[in-house]
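Novice: Sharing my_file_15.cif, mmCIF, C-alpha atoms:
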```cif
data_input
loop_
_atom_site.label_atom_id
_atom_site.label_comp_id
_atom_site.auth_asym_id
_atom_site.auth_seq_id
_atom_site.Cartn_x
_atom_site.Cartn_y
_atom_site.Cartn_z
CA GLY A 1 0.00 0.00 0.00
CA GLY A 2 0.98 3.64 0.37
CA TYR A 3 0.82 6.62 -1.89
CA THR A 4 2.56 7.50 -5.13
CA CYS A 5 3.42 11.19 -5.15
CA PHE A 6 4.18 12.87 -8.44
CA ASN A 7 4.97 16.17 -10.03
CA ILE A 8 4.90 17.00 -13.75
CA GLN A 9 8.40 18.39 -14.21
CA PHE A 10 8.04 19.95 -17.66
CA THR A 11 6.36 19.48 -21.01
CA PRO A 12 8.73 19.29 -24.00
CA THR A 13 7.26 18.77 -27.46
CA ASN A 14 6.97 15.38 -29.16
CA ILE A 15 9.08 13.64 -26.54
CA ARG A 16 9.99 9.97 -26.79
CA GLY A 17 12.77 8.68 -24.54
CA HIS A 18 15.01 10.54 -22.12
CA THR A 19 18.13 10.10 -20.01
CA GLN A 20 19.56 12.17 -17.16
CA ASN A 21 22.62 12.46 -14.94
CA GLY A 22 21.23 14.29 -11.93
CA THR A 23 22.00 17.70 -13.45
CA PHE A 24 20.58 17.53 -16.98
CA PHE A 25 17.84 15.75 -18.85
CA TRP A 26 18.46 14.85 -22.47
CA ILE A 27 15.34 14.01 -24.44
CA VAL A 28 14.80 12.64 -27.93
CA ASN A 29 12.00 13.95 -30.14
CA ASP A 30 10.25 12.13 -32.93
CA SER A 31 10.33 13.14 -36.59
CA SER A 32 7.53 15.71 -36.18
CA ARG A 33 10.02 17.83 -34.22
CA GLY A 34 13.04 16.96 -36.31
CA ASP A 35 14.58 13.93 -34.58
CA ARG A 36 16.90 15.75 -32.25
CA ILE A 37 18.36 15.62 -28.78
CA GLU A 38 17.43 18.54 -26.55
CA GLU A 39 19.06 19.39 -23.23
CA TYR A 40 17.20 20.63 -20.14
CA TYR A 41 18.15 21.31 -16.57
CA LEU A 42 16.58 18.91 -14.09
CA ASN A 43 14.02 21.56 -13.14
CA GLY A 44 12.77 21.57 -16.74
CA THR A 45 14.49 24.74 -17.96
CA TYR A 46 15.45 24.46 -21.64
CA VAL A 47 19.20 24.69 -22.31
CA ARG A 48 19.80 23.95 -25.99
CA GLN A 49 19.36 21.65 -28.96
CA LEU A 50 22.38 19.40 -28.66
CA ILE A 51 22.26 17.03 -31.64
CA ASP A 52 20.25 16.81 -34.85
CA VAL A 53 20.05 13.06 -35.50
CA SER A 54 17.75 13.29 -38.54
CA SER A 55 20.58 12.42 -40.93
CA TYR A 56 20.93 9.07 -39.13
CA THR A 57 17.32 8.19 -38.32
CA ASN A 58 13.83 9.60 -38.75
CA ASP A 59 12.33 7.43 -36.04
CA THR A 60 14.15 8.16 -32.77
CA GLU A 61 12.70 6.32 -29.79
CA ALA A 62 15.16 5.96 -26.90
CA ILE A 63 18.36 7.36 -25.44
CA THR A 64 20.86 6.51 -22.71
CA GLN A 65 24.33 7.76 -21.74
CA ASN A 66 27.32 6.79 -19.64
CA GLY A 67 29.09 10.15 -19.30
CA THR A 68 31.19 9.54 -22.43
CA PHE A 69 28.62 8.55 -25.07
CA PHE A 70 24.96 8.89 -25.86
CA TRP A 71 23.20 5.93 -27.47
CA VAL A 72 20.27 7.06 -29.60
CA THR A 73 18.01 4.41 -31.09
CA SER A 74 15.51 3.59 -33.77
CA ALA A 75 15.98 -0.02 -34.91
CA THR A 76 19.69 0.85 -34.80
CA ALA A 77 21.72 2.23 -31.90
CA TYR A 78 23.93 5.19 -32.83
CA ARG A 79 26.67 6.52 -30.58
CA PHE A 80 27.51 10.20 -30.13
CA TYR A 81 30.04 11.86 -27.88
CA MET A 82 28.46 13.90 -25.10
CA ASN A 83 29.35 17.10 -26.99
CA GLY A 84 27.12 15.92 -29.85
CA THR A 85 29.77 14.65 -32.28
CA PHE A 86 28.80 11.44 -34.09
CA PHE A 87 30.95 8.44 -33.15
CA ASP A 88 29.57 5.31 -34.84
CA THR A 89 26.66 3.08 -35.79
CA HIS A 90 26.93 0.69 -32.87
CA PHE A 91 24.48 -2.18 -33.46
CA SER A 92 21.10 -3.01 -34.98
CA ALA A 93 18.12 -4.92 -33.63
CA SER A 94 15.29 -6.75 -35.36
CA ALA A 95 12.78 -3.97 -34.59
CA ALA A 96 12.56 -0.50 -33.09
CA ILE A 97 14.46 -0.14 -29.80
CA TYR A 98 12.04 1.62 -27.44
CA GLY A 99 14.17 1.32 -24.31
CA ILE A 100 17.93 1.18 -23.69
CA THR A 101 20.16 1.24 -20.61
CA THR A 102 23.78 0.44 -19.76
CA ASN A 103 25.99 -0.20 -16.73
CA ASN A 104 29.27 0.13 -18.73
CA THR A 105 29.63 -3.65 -18.82
CA PHE A 106 26.48 -4.49 -20.78
CA ILE A 107 23.79 -2.74 -22.78
CA TRP A 108 20.16 -3.86 -22.50
CA ILE A 109 17.28 -3.01 -24.82
CA THR A 110 13.56 -3.73 -24.82
CA ASP A 111 12.26 -5.84 -27.69
CA ASN A 112 8.66 -4.71 -28.15
CA ILE A 113 7.90 -7.36 -30.78
CA ASN A 114 9.04 -10.36 -28.72
CA GLN A 115 8.21 -8.83 -25.32
CA SER A 116 11.70 -9.29 -23.94
CA VAL A 117 14.85 -7.59 -22.68
CA LYS A 118 17.95 -8.33 -24.74
CA GLN A 119 21.53 -7.99 -23.55
CA TYR A 120 24.58 -6.84 -25.56
CA TYR A 121 28.26 -6.54 -24.80
CA MET A 122 29.60 -3.00 -24.89
CA ASN A 123 31.02 -3.67 -28.37
CA GLY A 124 27.47 -4.22 -29.64
CA THR A 125 27.61 -8.03 -29.88
CA PRO A 126 24.55 -9.89 -28.51
CA THR A 127 25.24 -12.03 -25.43
CA ASN A 128 22.03 -14.07 -26.00
CA ASN A 129 21.35 -13.64 -22.28
CA ASN A 130 17.79 -12.38 -22.67
CA PHE A 131 14.61 -12.65 -20.61
CA SER A 132 10.91 -12.56 -21.35
CA LEU A 133 8.45 -9.88 -20.22
CA SER A 134 5.37 -11.49 -21.77
CA ALA A 135 3.83 -12.57 -18.45
CA GLN A 136 3.54 -8.91 -17.44
CA THR A 137 3.24 -6.88 -20.64
CA THR A 138 2.57 -7.20 -24.36
CA SER A 139 4.10 -3.79 -25.08
CA PRO A 140 7.33 -3.18 -23.14
CA ILE A 141 8.90 0.14 -23.86
CA GLY A 142 11.05 2.19 -21.43
CA LEU A 143 13.91 0.51 -19.56
CA THR A 144 16.29 1.44 -16.74
CA GLN A 145 18.37 -0.36 -14.10
CA ASN A 146 20.47 0.32 -11.01
CA GLY A 147 22.63 -2.82 -10.88
CA THR A 148 20.13 -4.66 -8.67
CA TYR A 149 16.85 -4.25 -10.52
CA PHE A 150 15.43 -3.43 -13.93
CA TRP A 151 12.30 -1.34 -14.35
CA VAL A 152 10.27 -1.68 -17.55
CA GLY A 153 7.40 0.53 -18.70
CA ASP A 154 4.23 -0.96 -20.22
CA ASN A 155 2.99 1.22 -23.08
CA ASN A 156 -0.46 -0.40 -23.16
CA GLY A 157 -1.28 -1.20 -19.54
CA ASN A 158 0.64 1.81 -18.12
CA GLY A 159 2.36 -0.30 -15.47
CA ILE A 160 5.94 -0.03 -14.29
CA TYR A 161 7.37 -3.52 -13.70
CA GLN A 162 10.40 -4.38 -11.61
CA TYR A 163 12.73 -7.35 -12.23
CA TYR A 164 15.88 -8.71 -10.68
CA MET A 165 18.92 -8.42 -12.93
CA ASN A 166 18.59 -12.12 -13.83
CA GLY A 167 15.14 -11.39 -15.28
CA THR A 168 13.02 -12.75 -12.45
CA PHE A 169 9.88 -10.69 -11.91
CA PHE A 170 9.85 -8.81 -8.60
CA SER A 171 6.93 -6.36 -8.39
CA ASN A 172 4.65 -3.78 -10.00
CA PRO A 173 5.56 -0.69 -7.95
CA PHE A 174 3.06 1.68 -9.58
CA ASN A 175 0.85 2.39 -12.55
CA THR A 176 1.17 5.77 -14.26
CA GLN A 177 -2.53 5.93 -15.12
CA THR A 178 -3.91 5.13 -11.68
CA SER A 179 -1.19 7.17 -9.97
CA ALA A 180 -1.24 10.29 -12.14
CA GLY A 181 -3.78 9.83 -14.93
CA ILE A 182 -0.93 9.51 -17.44
CA VAL A 183 -1.08 6.86 -20.16
CA ASN A 184 1.49 5.35 -22.53
CA PRO A 185 4.72 5.79 -20.54
CA HIS A 186 7.65 5.85 -22.94
CA GLY A 187 11.02 6.52 -21.29
CA ILE A 188 12.07 5.79 -17.72
CA THR A 189 15.06 6.73 -15.56
CA LYS A 190 15.62 6.47 -11.83
CA THR A 191 17.67 8.10 -9.10
CA SER A 192 17.80 6.95 -5.47
CA SER A 193 14.83 9.21 -4.71
CA TYR A 194 12.77 9.51 -7.89
CA PHE A 195 11.54 7.86 -11.05
CA TYR A 196 11.24 10.07 -14.12
CA ILE A 197 8.74 8.94 -16.76
CA SER A 198 8.56 10.54 -20.20
CA THR A 199 5.20 10.24 -21.87
CA ALA A 200 4.48 10.80 -25.55
CA SER A 201 0.71 10.97 -25.03
CA ASN A 202 0.89 14.26 -23.15
CA ASP A 203 4.47 15.37 -23.89
CA SER A 204 5.71 15.45 -20.32
CA ILE A 205 8.34 14.19 -17.93
CA THR A 206 6.74 13.28 -14.62
CA GLU A 207 8.59 12.73 -11.36
CA TYR A 208 7.48 9.99 -8.95
CA TYR A 209 8.83 9.16 -5.53
CA ALA A 210 10.93 5.99 -5.82
CA THR A 211 9.48 4.53 -2.60
CA ASN A 212 6.04 4.63 -1.05
CA VAL A 213 5.58 7.56 1.30
CA THR A 214 3.00 8.40 3.93
CA CYS A 215 1.08 11.49 2.92
CA THR A 216 -0.57 13.75 5.48
CA TYR A 217 -4.04 14.93 4.52
CA VAL A 218 -4.31 18.70 5.04
CA SER A 219 -7.34 20.79 4.06
CA GLY A 220 -8.21 18.90 0.91
CA ASP A 221 -4.71 18.18 -0.32
CA TRP A 222 -1.98 15.65 0.34
CA ASN A 223 0.78 17.63 2.04
CA ILE A 224 4.07 16.48 0.48
CA SER A 225 5.27 19.74 -1.03
CA VAL A 226 3.72 22.68 -2.78
CA SER A 227 4.12 21.14 -6.23
CA ASP A 228 3.55 17.43 -5.50
CA ASN A 229 0.37 15.43 -5.73
CA CYS A 230 -0.50 12.28 -3.85
CA ILE A 231 -2.84 9.53 -4.98
CA LEU A 232 -3.61 6.21 -3.32
CA ASN A 233 -1.40 3.52 -4.84
CA THR A 234 -3.16 0.16 -4.97
CA ASP A 235 -0.52 -1.49 -7.17
CA THR A 236 1.91 -2.41 -4.38
#
```
Could you rewrite the structure in this file as structure tokens?
Specialist:
Amino acid sequence: GGYTCFNIQFTPTNIRGHTQNGTFFWIVNDSSRGDRIEEYYLNGTYVRQLIDVSSYTNDTEAITQNGTFFWVTSATAYRFYMNGTFFDTHFSASAAIYGITTNNTFIWITDNINQSVKQYYMNGTPTNNNFSLSAQTTSPIGLTQNGTYFWVGDNNGNGIYQYYMNGTFFSNPFNTQTSAGIVNPHGITKTSSYFYISTASNDSITEYYATNVTCTYVSGDWNISVSDNCILNTDT
């Protein structure tokens, strides 16, 4: 039980995936906004257009970074230096890559067609150490990890599913629709305190507390902070 507290951080246009490092968000837009990477401060303030990726793909879906490179994906993962300079075409998958994450030893992607997470070595070679998501979702999309768990977004059912790193299902910590009225979560990242969910359906990045909190009811509102909202979470 408990409550999922959330705050809509900002509303970029035509957002798909995002990544962040605790100081900046980097988001990818779809072709209707030119397939580009835009940089924002964590409070949602726009900084700049960093990379135009339209010469490489017209169907950008996901992004991750490790402090040295960005990986930007369609059905192919392209690498760029963090200053925006193109580095290489890293690897290709059998279908669009809607989620991607790395721990600097492996890269993982979501396979929306086969409802699975696939693992790659850092050189882009498949390890064939994959796991199925089909028992929880028919449309996996966003993906993140912290070395202990994966979290996968469900584009149809709006759930966020948690797995051990070996692929064993652990829990369904919250649902973006029942928690915040937000459907079709696309990208997902996590810090020790918050989840950040990017959503194409309403062009937003929404912040959720990473653990259940107890909310105090005060004069018609849940008193977490001035900007936060609190809704009963029945998914845990």
Novice: What does the PyMOL selection byres ((chain A and resi 110) around 8) select in this file, as an NGL selection string?
Specialist: :A and (97-100 or 108-109 or 111-112 or 115-118 or 140-143)
Novice: Tell me, in Å to one decimal, how far CA of Asp154 (chain A) is from CA of Gly67 (chain A).
Specialist: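 If I compute the distance from CA of Asp154 (chain A) to CA of Gly67 (chain A), I get 27.2 Å.
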Novice: Given the file above and the PyMOL selection byres ((chain A and resi 187) around 6), which residues are selected, and can you give them as a PyMOL selection string?
Specialist: chain A and resi 17-18+142+186+188+197-198
Novice: Suppose a student applies the PyMOL selection byres ((chain A and resi 129) around 10) to this structure; what residues should they get, written as a list in words?
Specialist: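 After applying the PyMOL selection byres ((chain A and resi 129) around 10), what remains is Trp108, Val117, Lys118, Gln119, Tyr120, Pro126, Thr127, Asn128, Asn130, Phe131, Asn166 and Gly167 of chain A.
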Novice: Can you measure CA of Met165 (chain A) to CA of Thr60 (chain A) for me? One decimal in Å is fine.
Specialist: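 Distance reported for this atom pair: 26.3 Å.
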Novice: Report as JSON the centre and the edge lengths, in Å to one decimal, of the axis-aligned box holding every listed atom of region 201-205 of chain A, padded by 5 Å on each side.
Specialist:
```
{"center_x": 4.5, "center_y": 13.2, "center_z": -21.5, "size_x": 17.6, "size_y": 14.5, "size_z": 17.1}
```
Novice: Using all atoms listed in the file, which protein or nucleic acid residues come within 10 Å of Asn83 (chain A)? Drop anything in the same chain fewer than 5 positions from it, and give the result as a VMD selection string.
Specialist: chain A and resid 50 to 51 68 to 70
Novice: Export, as a short mmCIF file (atom, residue, chain, number, x, y, z; two decimals), in the frame of the given file, the selected residues with C-alpha atoms.
Specialist:
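Result file is selection-v3.cif:
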```
data_model
loop_
_atom_site.label_atom_id
_atom_site.label_comp_id
_atom_site.auth_asym_id
_atom_site.auth_seq_id
_atom_site.Cartn_x
_atom_site.Cartn_y
_atom_site.Cartn_z
CA LEU A 50 22.38 19.40 -28.66
CA ILE A 51 22.26 17.03 -31.64
CA THR A 68 31.19 9.54 -22.43
CA PHE A 69 28.62 8.55 -25.07
CA PHE A 70 24.96 8.89 -25.86
#
```
Novice: Quick one: pull the distance between CA of Thr125 (chain A) and CA of Val72 (chain A), Å, one decimal.
Specialist: 16.8 Å
Novice: Using all atoms listed in the file, which protein or nucleic acid residues come within 12 Å of Thr73 (chain A)? Drop anything in the same chain fewer than 6 positions from it, and give the result as a VMD selection string.
Specialist: chain A and resid 16 to 18 27 to 30 35 to 37 53 to 54 56 to 65 79 to 80 89 to 93 95 to 101 109 to 110
Novice: Measuring between all atoms listed in the file, which one of A:Thr45, A:Asn175, A:Asn202, A:Thr168 shows the shortest distance to Trp26 (chain A)?
Specialist: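 Comparing A:Thr45, A:Asn175, A:Asn202, A:Thr168 against Trp26 (chain A), the winner is A:Thr45.
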Novice: May I have the residues at most 12 Å from (19.9, 9.5, -4.0) in the file's coordinates, counting all atoms listed in the file, as a PyMOL selection string?
Specialist: chain A and resi 21-22+146+190-195+209-211
Novice: Output C-alpha atoms of each residue in that selection to a file, as a tab-separated table (two decimals), in the coordinates of the input.
Specialist:
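Okay, part_30.tsv is ready:
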```tsv
chain	number	residue	atom	x	y	z
A	21	ASN	CA	22.62	12.46	-14.94
A	22	GLY	CA	21.23	14.29	-11.93
A	146	ASN	CA	20.47	0.32	-11.01
A	190	LYS	CA	15.62	6.47	-11.83
A	191	THR	CA	17.67	8.10	-9.10
A	192	SER	CA	17.80	6.95	-5.47
A	193	SER	CA	14.83	9.21	-4.71
A	194	TYR	CA	12.77	9.51	-7.89
A	195	PHE	CA	11.54	7.86	-11.05
A	209	TYR	CA	8.83	9.16	-5.53
A	210	ALA	CA	10.93	5.99	-5.82
A	211	THR	CA	9.48	4.53	-2.60
```
Novice: Of the residues A:Tyr196, A:Tyr164, A:Gly157, A:Ser74, which is the one nearest to Gln177 (chain A), using only C-alpha atoms?
Specialist: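 Smallest distance to Gln177 (chain A) is found for A:Gly157.
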Novice: Enumerate, as a PyMOL selection string, the protein, DNA and RNA residues whose atoms approach (-1.0, 10.6, -19.0) to within 12 Å, taking into account all atoms listed in the file and the coordinate frame of the file.
Specialist: chain A and resi 6+8+11+155-159+175-186+197-206
